[in-house]
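Visitor: Sharing a structure with you now.
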Amino acid sequence: MAKNIWVFCEQRDGEIQSVALELLGVARALAQTTNEKVCAMLLGHNVLDKANELVAYGADVVYVVDDERLAQFVTEPYAQAAFSVIKKYEPNVLLIGATSIGRDLAPRLSARLHTGLTADCTKLDIDQSGKLFMTRPAFGGNLYATITCPNHRPQMSTVRPGVMKKLSPDTCKNGEIVVEYVQWDDDKFKVKVLKEIKESKCDTDIEKAKLLVAVGRGVKDVEPARELACALKGALASSRALVDAGVTSQHTQVGQTGKTVRPEAYIAFGISGAIQHIAGMEESEFIVAVNTDKNAPIFKIANLGIVSDASQVIKEMNKIL
Amino acid sequence: MAEYKHVLFEQMIKDFAQNEVKPLAQEVDELERFPEETVEKMAKLGLLGIIVPKEYGGAGGNYYMYIQAVEEISKVCATTGVILSAHTSLCVAPILEYGTADQKKKYLPLLARGESLGAFALTEPNAGTDASNQCTVAVEKDDHYLVNGSKIFITNAGYASTFIVITVTGMTPKGPEMTAFIMDRDLEGFSVGKHEKKMGIRGSSTCELIFENVKVPKENMLGKRGEGFKIAMKTLDGGRVGIAAQALGIAEGALDATVEYVKSRKQFGKPISAFQNTQFVLADLATKIAAAKCLVNVATDAKQNKYSSLSVAAAQAKLFAAETAMEVTTKAVQLHGGYGYTREYAVERMMRDAKITEIYEGTSEVQRMVISGALLKK
Amino acid sequence: MKIAVCIKQVPNTTEIKIDPVTNTLKRDGVPSIINPDDKAALEAALNLKDKCGAQVVALTMGPQQAEKALREALAMGADEAYIMSDKAFAGSDTLATSTIIAAGLAKLNPDVIFCGRQAIDGDTAQVGPQIAEHLGIPQITYAAQIDYDQDRQALIVKRQFEDRYQMLEVSGKCLITVLSSLAKPRYMNVWDVVNQDLKEINVITRADIEVSSEHIGLGGSPTKVDSTAAKQFDKKIETFELDPTAAAQAIVDALKQRHLI
């Protein structure tokens with residue numbers, strides 16, 4: 001019978017990705033309810049030494065496939081490795097980070113396993129029988145849908161990065177590390193990597209920043225806002241309107257089609273708060289909104305709302321700081 | 001089977017106008033710049049050959065599509081609207097209707113693909129509303145006609161390569177014998193003169209044409225000798241539907257901009273759309289626009305189906321649409337208040353653009369002459 | 001080269017608004033469009049057609065009204081169009097949908113399949129890779145650039161990740177999912193707008209494909225919708241009208257109070 005809560009632990013260049021640790025955190029909570037184990041699956045090359053990190057963050061068992069075929073992410077070798085381990089252990093639940101790797105691998109695997117997959121979940125619950133309730137935004141974030149997969153195992157879900165909380169690492173925790181070997185079908189490897197180039201991200205990563213100064217259509221000049229973001233040791237974020245207008249770069253876009261952020265403070269200047277934008281930032285701990293239109297929807301979710309001219313307020317804040 | 005072409009065409013032309021034409025409108029006006037890049041894009045999408053049959057490289061569309069194109073484009077930029085209208089109604093259409101098989105084969109593919117832009121030359125310094133008072137003379141000589149004279153206010157002149165030119169080839173007891181020719185820009189002795197500086201549609205190229213001993217091959221005669229005046233008048237009947245659509249587009253564009261403005265502009269603590277004056281003015285303007293649209297539809301029907309009612313229908317459509325455009329844009333500026341008088345807001349440009357629709361391709365007075373003439377002839 | 005492009009007709013979600021009173025979706029009058037990523041996939045295919053003479057076939061699964069999306073694809077320059085429509089397909093989740101579409105594609109036997117990365121009404125990004133698995137062909141997702149290398153008879157694809165990209169080479173059959181940033185879709189053109197009315201939309205029904213009924217439709221879908229809920233906003237709200245100086249001070253004070261500066 002299918003059992004245990006599994007997490008596909010994404011690594012890049014041997015570095016465990018934050019989303020993997022977040023998923024171990026939620027897996028821990030789910031396993032508590034069902035009284036099962038948290039199992040981590042780690043695929044890569046020269047990654048065995050990273051298994052302890054996964055234990056510290058909540059894994060009871062770490063299954064490792066360490067092979068040079070997995071040095072770079074390519075769908076088929078990763079799918080073969082994951083498939084072979086899953087077939088052997090038959091997990092009840094398999095969680096995968098909804099990254100550009102997870103969202104490539106997960107659907108491929110689900111079709112190979114012939115099981116259901118729910119994309120980009122923001123909330124997970126489980127009942128004592130082990131039935132998983134996967135909640136995700138639908139219709140551009142206007143609705144939430146809760147999805148189940150009653151008759152197929154594993155119950156698969158990709159989970160949005162930045163939504164689940166990781167546990168504090170416990171380096172004293174014990175865990176089992178199991179090395180797995182795969183019967184490779186090399187003939188199926190049709191995609192060749194010619195090169196892989198790392199890109200330097202924009203100046204500041206809005207997903208990691210603790211404070212975001214976000215600007216929208218109501219801000220005439222972006223430079224003072226950038227200055228303010230610097231002074232507050234945060235990053236500059238923006239609404240889609242400014243990205244579309246070519247004023248700010250795509251890296252800064254928050255929302256349904258941009259990034260989801262949950263900084264400790266989100267200061268929205270001149271952003272009216274379209275539902276698509278709110279979908280990407282409403283989980284922020286503390287939201288400040290400045291807008292001239294007192295009926296702007298952003299005020300409905302702001303902890304502190306100020307009806308005022310956003311450009312002027314930015315200027316005044318720069319003076320104070 | 002249901003036809004999808006009109007649904008798809010509407011979507012296409014609206015997208016094109018919003019994304020490609022609108023962003024340039026202010027600059028084209030401000031700098032009096034002919035939007036060459038837009039004309040190139042229109043050519044690539046087949047918009048310059050909508051009514052040209054497929055066998056001549058055109059899209060094989062119809063007048064409904066062409067008229068909708070002029071309307072949608074004029075909503076955002078009247079300059080671009082008239083470029084398309086003059087090209088299609090005043091150059092492509094007469095060649096299509098009066099051209100020989102050879103002329104069609106030679107000119108229509110070039111015009112349809114936009115390798116050549118079209119223009120039409122009737123007006124002269126002393127032949128405006130009195131169009132028959134022509135001085136440009138074509139004298140038959142061997143295998144050609146020798147053309148001398150000049151034309152003014154010719155739309156597209158600076159960028160066109162194919163011109164329909166109306167000339168005088170002799171005298172008859174009833175008046176001058178007039179004949180139409182298709183002339184290539186590169187003919188020796190044919191030059192484009194002074195560029196007019198205008199109040200509106202400032203990006204369109206309006207110039208004079210000068211003919212100094214231009215040898216036009218006989219095979220370039222459009223229609224028969226002596227049919228020039230008829231061809232000119234029939235061509236203008238068709239052209240007026242295009243200008244009516246342009247006027248309608250300007251009016252719609254101005255109303256759209258105004259509706260948006262009055263909802264956001266606040267005075268006395270509420271949006272000015274909350275005042276009854278605003279509401280009633282908008283209601284009247286919307287109603288007149290709807291009426292103008294009906295008249296344009298009737299005229300388009302007549303053009304598409306070659307009804308004999310075209311002349312009156314086109315005159316009525318142009319008369320009413322042009323005067324509606326003038327009224328709508330004037331009141332749009334008024335509702336915008338001081339801002340409407342500045343170049344920050346599009347209605348200022350639209351008001352200047354609207355005025356020409358009451359003047360070219362027959363003034364409003366000429367339209368009244370056409371309409372009443374038909375009435376009283378009965 | 002025969003390129004099949006999978007497209008989906010979707011409601012334009014950017015125009016969906018919430019009724020502030022009932023807190024439900026206002027979907028009336030929301031126009032249907034070709035999913036933006038799919039339109040980019042179509043553009044990528046038409047681009048290859050322009051460069052090396054491919055045949056472009058558009059395929060969609062959906063109700064009869066989805067014909068309009070295919071008509072639009074034809075008006076942009078696609079050569080043929082297929083609609084997979086049948087009551088038996090209704091209620092399919094991504095796995096069942098991919099099973100159906102894969103069966104339809106198998107009949108068309110294309111060399112290459114292009115899909116959009118994800119649809120704006122579902123945002124799952126799952127159907128493309130699932131189709132590839134059913135057909136047993138390799139996949140490349142998140143394509144930011146696609147070129148055809150004539151000499152090597154291979155597609156060269158730039159595959160985008162959050163922090164890097166790969167240049168990938170694939171020869172033989174494959175499925176590629178395309179980012180909307182890959183290409184700005186062309187406009188329809190008047191020639192093809194007129195021409196498409198002369199073309200048939202080919203219909204593929206349940207009877208035309210070989211799949212087990214256990215794998216399609218609502219009954220053949222492993223995932224079930226348990227419940228839906230409208231978004232709730234329940235934050236504590238304080239709104240003040242302040243002049244810029246006072247506003248700036250209020251924000252700075254609030255941030256200080258929370259030890260954020």
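Identifiers for the structure tokens are assigned positionally: chains receive A, B, ... in sequence, residues are indexed from 1 per chain, and ligands are indexed from 1 in the order shown.
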With a cut-off of 7 Å, could you pull out the residues of chain C touching chain A and give me the nearest pair of atoms for each, distance in Å to one decimal, using only C-alpha atoms, ordered by chain and ascending number, as JSON lines?

Guide:
```
{"residue": "C:Thr13", "atom": "CA", "partner": "A:Gly140", "partner_atom": "CA", "distance": 5.9}
{"residue": "C:Leu95", "atom": "CA", "partner": "A:Ala111", "partner_atom": "CA", "distance": 6.6}
{"residue": "C:Ile120", "atom": "CA", "partner": "A:Gly140", "partner_atom": "CA", "distance": 6.6}
{"residue": "C:Asp121", "atom": "CA", "partner": "A:Phe139", "partner_atom": "CA", "distance": 4.9}
{"residue": "C:Gly122", "atom": "CA", "partner": "A:Ala138", "partner_atom": "CA", "distance": 6.1}
{"residue": "C:Thr124", "atom": "CA", "partner": "A:Ala119", "partner_atom": "CA", "distance": 5.0}
{"residue": "C:Ala125", "atom": "CA", "partner": "A:Arg103", "partner_atom": "CA", "distance": 6.9}
{"residue": "C:Gln126", "atom": "CA", "partner": "A:Pro107", "partner_atom": "CA", "distance": 5.1}
{"residue": "C:Pro129", "atom": "CA", "partner": "A:Arg108", "partner_atom": "CA", "distance": 5.2}
{"residue": "C:Gln130", "atom": "CA", "partner": "A:Arg108", "partner_atom": "CA", "distance": 5.3}
{"residue": "C:Glu133", "atom": "CA", "partner": "A:Arg108", "partner_atom": "CA", "distance": 5.9}
{"residue": "C:His134", "atom": "CA", "partner": "A:Ala111", "partner_atom": "CA", "distance": 7.0}
{"residue": "C:Pro138", "atom": "CA", "partner": "A:Lys190", "partner_atom": "CA", "distance": 6.5}
{"residue": "C:Thr141", "atom": "CA", "partner": "A:Asp104", "partner_atom": "CA", "distance": 6.4}
{"residue": "C:Phe161", "atom": "CA", "partner": "A:Ser100", "partner_atom": "CA", "distance": 5.7}
{"residue": "C:Glu162", "atom": "CA", "partner": "A:Ser100", "partner_atom": "CA", "distance": 6.9}
{"residue": "C:Asp163", "atom": "CA", "partner": "A:Glu199", "partner_atom": "CA", "distance": 5.5}
{"residue": "C:Arg164", "atom": "CA", "partner": "A:Lys198", "partner_atom": "CA", "distance": 4.1}
{"residue": "C:Tyr165", "atom": "CA", "partner": "A:Ile197", "partner_atom": "CA", "distance": 5.4}
{"residue": "C:Gln166", "atom": "CA", "partner": "A:Glu196", "partner_atom": "CA", "distance": 4.3}
{"residue": "C:Met167", "atom": "CA", "partner": "A:Lys195", "partner_atom": "CA", "distance": 5.3}
{"residue": "C:Leu168", "atom": "CA", "partner": "A:Val193", "partner_atom": "CA", "distance": 4.6}
{"residue": "C:Glu169", "atom": "CA", "partner": "A:Lys192", "partner_atom": "CA", "distance": 5.1}
{"residue": "C:Val170", "atom": "CA", "partner": "A:Val191", "partner_atom": "CA", "distance": 4.9}
{"residue": "C:Pro222", "atom": "CA", "partner": "A:Gly116", "partner_atom": "CA", "distance": 4.8}
{"residue": "C:Thr223", "atom": "CA", "partner": "A:Cys149", "partner_atom": "CA", "distance": 4.4}
{"residue": "C:Lys224", "atom": "CA", "partner": "A:Thr148", "partner_atom": "CA", "distance": 5.3}
{"residue": "C:Val225", "atom": "CA", "partner": "A:Ile147", "partner_atom": "CA", "distance": 4.5}
{"residue": "C:Asp226", "atom": "CA", "partner": "A:Ile147", "partner_atom": "CA", "distance": 5.2}
{"residue": "C:Ser227", "atom": "CA", "partner": "A:Thr146", "partner_atom": "CA", "distance": 5.2}
{"residue": "C:Thr228", "atom": "CA", "partner": "A:Ala145", "partner_atom": "CA", "distance": 4.2}
{"residue": "C:Ala229", "atom": "CA", "partner": "A:Tyr144", "partner_atom": "CA", "distance": 5.1}
{"residue": "C:Ala230", "atom": "CA", "partner": "A:Leu143", "partner_atom": "CA", "distance": 4.6}
{"residue": "C:Lys231", "atom": "CA", "partner": "A:Leu143", "partner_atom": "CA", "distance": 5.6}
{"residue": "C:Phe233", "atom": "CA", "partner": "A:Ile301", "partner_atom": "CA", "distance": 6.3}
{"residue": "C:Lys235", "atom": "CA", "partner": "A:Ile301", "partner_atom": "CA", "distance": 5.5}
{"residue": "C:Lys236", "atom": "CA", "partner": "A:Asn303", "partner_atom": "CA", "distance": 5.6}
{"residue": "C:Ile237", "atom": "CA", "partner": "A:Asn303", "partner_atom": "CA", "distance": 4.9}
{"residue": "C:Glu238", "atom": "CA", "partner": "A:Leu304", "partner_atom": "CA", "distance": 5.1}
{"residue": "C:Thr239", "atom": "CA", "partner": "A:Gly305", "partner_atom": "CA", "distance": 4.1}
{"residue": "C:Phe240", "atom": "CA", "partner": "A:Ile306", "partner_atom": "CA", "distance": 4.9}
{"residue": "C:Glu241", "atom": "CA", "partner": "A:Val307", "partner_atom": "CA", "distance": 4.5}
{"residue": "C:Leu242", "atom": "CA", "partner": "A:Ser308", "partner_atom": "CA", "distance": 5.9}
{"residue": "C:Asp243", "atom": "CA", "partner": "A:Ser308", "partner_atom": "CA", "distance": 6.1}
{"residue": "C:Pro244", "atom": "CA", "partner": "A:Val313", "partner_atom": "CA", "distance": 4.6}
{"residue": "C:Thr245", "atom": "CA", "partner": "A:Glu316", "partner_atom": "CA", "distance": 5.7}
{"residue": "C:Ala247", "atom": "CA", "partner": "A:Val313", "partner_atom": "CA", "distance": 6.3}
{"residue": "C:Ala248", "atom": "CA", "partner": "A:Met317", "partner_atom": "CA", "distance": 4.9}
{"residue": "C:Ile261", "atom": "CA", "partner": "A:Leu232", "partner_atom": "CA", "distance": 6.7}
```

Visitor: Mind listing as a count of residues only which residues of chain C are within 9 Å of chain B, counting only C-alpha atoms?

Guide: 15

Visitor: Looking only at the backbone, which of the residues in stretch 7-205 of chain C does DSSP tag as strand (DSSP E), as a ChimeraX atom specification?

Guide: /C:9-11,17-18,25-26,32-34,55-61,80-84,112-116,139-149,154-160,164-170,174-178,202-204

Visitor: What is the atom CA of A:Asp49-atom CA of A:Ile5 distance in Å, reported with one decimal?

Guide: 22.1 Å

Visitor: Using only C-alpha atoms, find which residues of chain B lie within 12 Å of chain A and jot them down as a list in words.

Guide: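 Result, ordered by chain then number: Pro23, Ser264 and Lys266 of chain B.
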
Visitor: What does the distance between atom CA of A:Lys131 and atom CA of A:Ala79 come to in Å, to one decimal place?

Guide: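 Going from atom CA of A:Lys131 over to atom CA of A:Ala79 covers 24.7 Å.
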
Visitor: Tell me which protein, DNA and RNA residues are within 8 Å of stretch 119-128 of chain B, counting only C-alpha atoms, leaving out same-chain ones fewer than 6 positions away, and put them as a list in words.

Guide: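 Within the cut-off, the hits are Ala86, His87, Leu90, Cys91, Gln134, Cys135, Ser150, Lys151, Ile152, Phe153, Ile154, Thr155, Asn156, Ala157, Ala160, Ser161, Thr162, Phe163, Ile164, Val165, Ile166 and Ala232 of chain B.
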
Visitor: Could you name the residues that touch B:Ala313 at 9 Å or less, counting only C-alpha atoms, but leaving out those on the same chain fewer than 4 positions away, as a ChimeraX atom specification?

Guide: /B:237,241,295-296,298-300,302,309,317-318,371

Visitor: For B:Leu285, which of B:Met233, B:Leu335, B:Ala244, B:Leu108 is the closest residue, counting only C-alpha atoms?

Guide: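 Comparing B:Met233, B:Leu335, B:Ala244, B:Leu108 against B:Leu285, the winner is B:Leu335.
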
Visitor: Need the shell around C:Lys49: protein/DNA/RNA residues with any atom at most 10 Å away, counting only C-alpha atoms. Skip same-chain ones fewer than 4 positions apart. Format as a ChimeraX atom specification?

Guide: /C:1-3,43-45,53-56,77-78

Visitor: For C:Val57, find every residue with an atom within 12 Å (counting only C-alpha atoms), except residues of its own chain fewer than 2 positions away, and show them as number ranges by chain.

Guide: C: 1-7, 41-42, 45-46, 49, 54-55, 59-60, 70-71, 73-74, 76-83, 105, 108-115, 201-202

Visitor: Could you pull out the helix (DSSP H, G or I) residues of stretch 176-257 of chain B, going by DSSP on the backbone, and write them as number ranges by chain?

Guide: B: 218-220, 228-257

Visitor: Write a file of the just-selected residues containing C-alpha atoms, as a compact mmCIF listing (two decimals), in the first residue's frame.

Guide:
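Generated output (again-v8.txt):
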```txt
# COMPACT_ATOMS: atom_id res chain seq x y z
CA LYS B 218 -1.61 56.22 -74.62
CA GLU B 219 -2.10 52.86 -72.95
CA ASN B 220 -2.17 54.73 -69.64
CA GLY B 228 -12.55 61.89 -67.30
CA PHE B 229 -15.20 63.98 -65.56
CA LYS B 230 -17.54 61.01 -65.11
CA ILE B 231 -14.70 58.88 -63.74
CA ALA B 232 -13.71 61.67 -61.36
CA MET B 233 -17.24 62.14 -60.07
CA LYS B 234 -17.90 58.41 -59.66
CA THR B 235 -14.56 57.98 -57.95
CA LEU B 236 -15.42 60.78 -55.55
CA ASP B 237 -18.79 59.14 -54.82
CA GLY B 238 -16.86 56.13 -53.59
CA GLY B 239 -14.23 58.27 -51.89
CA ARG B 240 -16.89 60.06 -49.88
CA VAL B 241 -17.86 56.80 -48.20
CA GLY B 242 -14.26 56.51 -47.06
CA ILE B 243 -14.18 60.09 -45.76
CA ALA B 244 -17.54 59.55 -44.05
CA ALA B 245 -15.96 56.55 -42.31
CA GLN B 246 -12.97 58.69 -41.37
CA ALA B 247 -15.25 61.36 -39.88
CA LEU B 248 -17.24 58.71 -38.05
CA GLY B 249 -14.02 57.27 -36.64
CA ILE B 250 -12.83 60.68 -35.44
CA ALA B 251 -16.18 61.28 -33.72
CA GLU B 252 -16.11 57.85 -32.05
CA GLY B 253 -12.53 58.34 -30.94
CA ALA B 254 -13.36 61.72 -29.41
CA LEU B 255 -16.41 60.35 -27.63
CA ASP B 256 -14.44 57.39 -26.22
CA ALA B 257 -11.74 59.72 -24.91
```
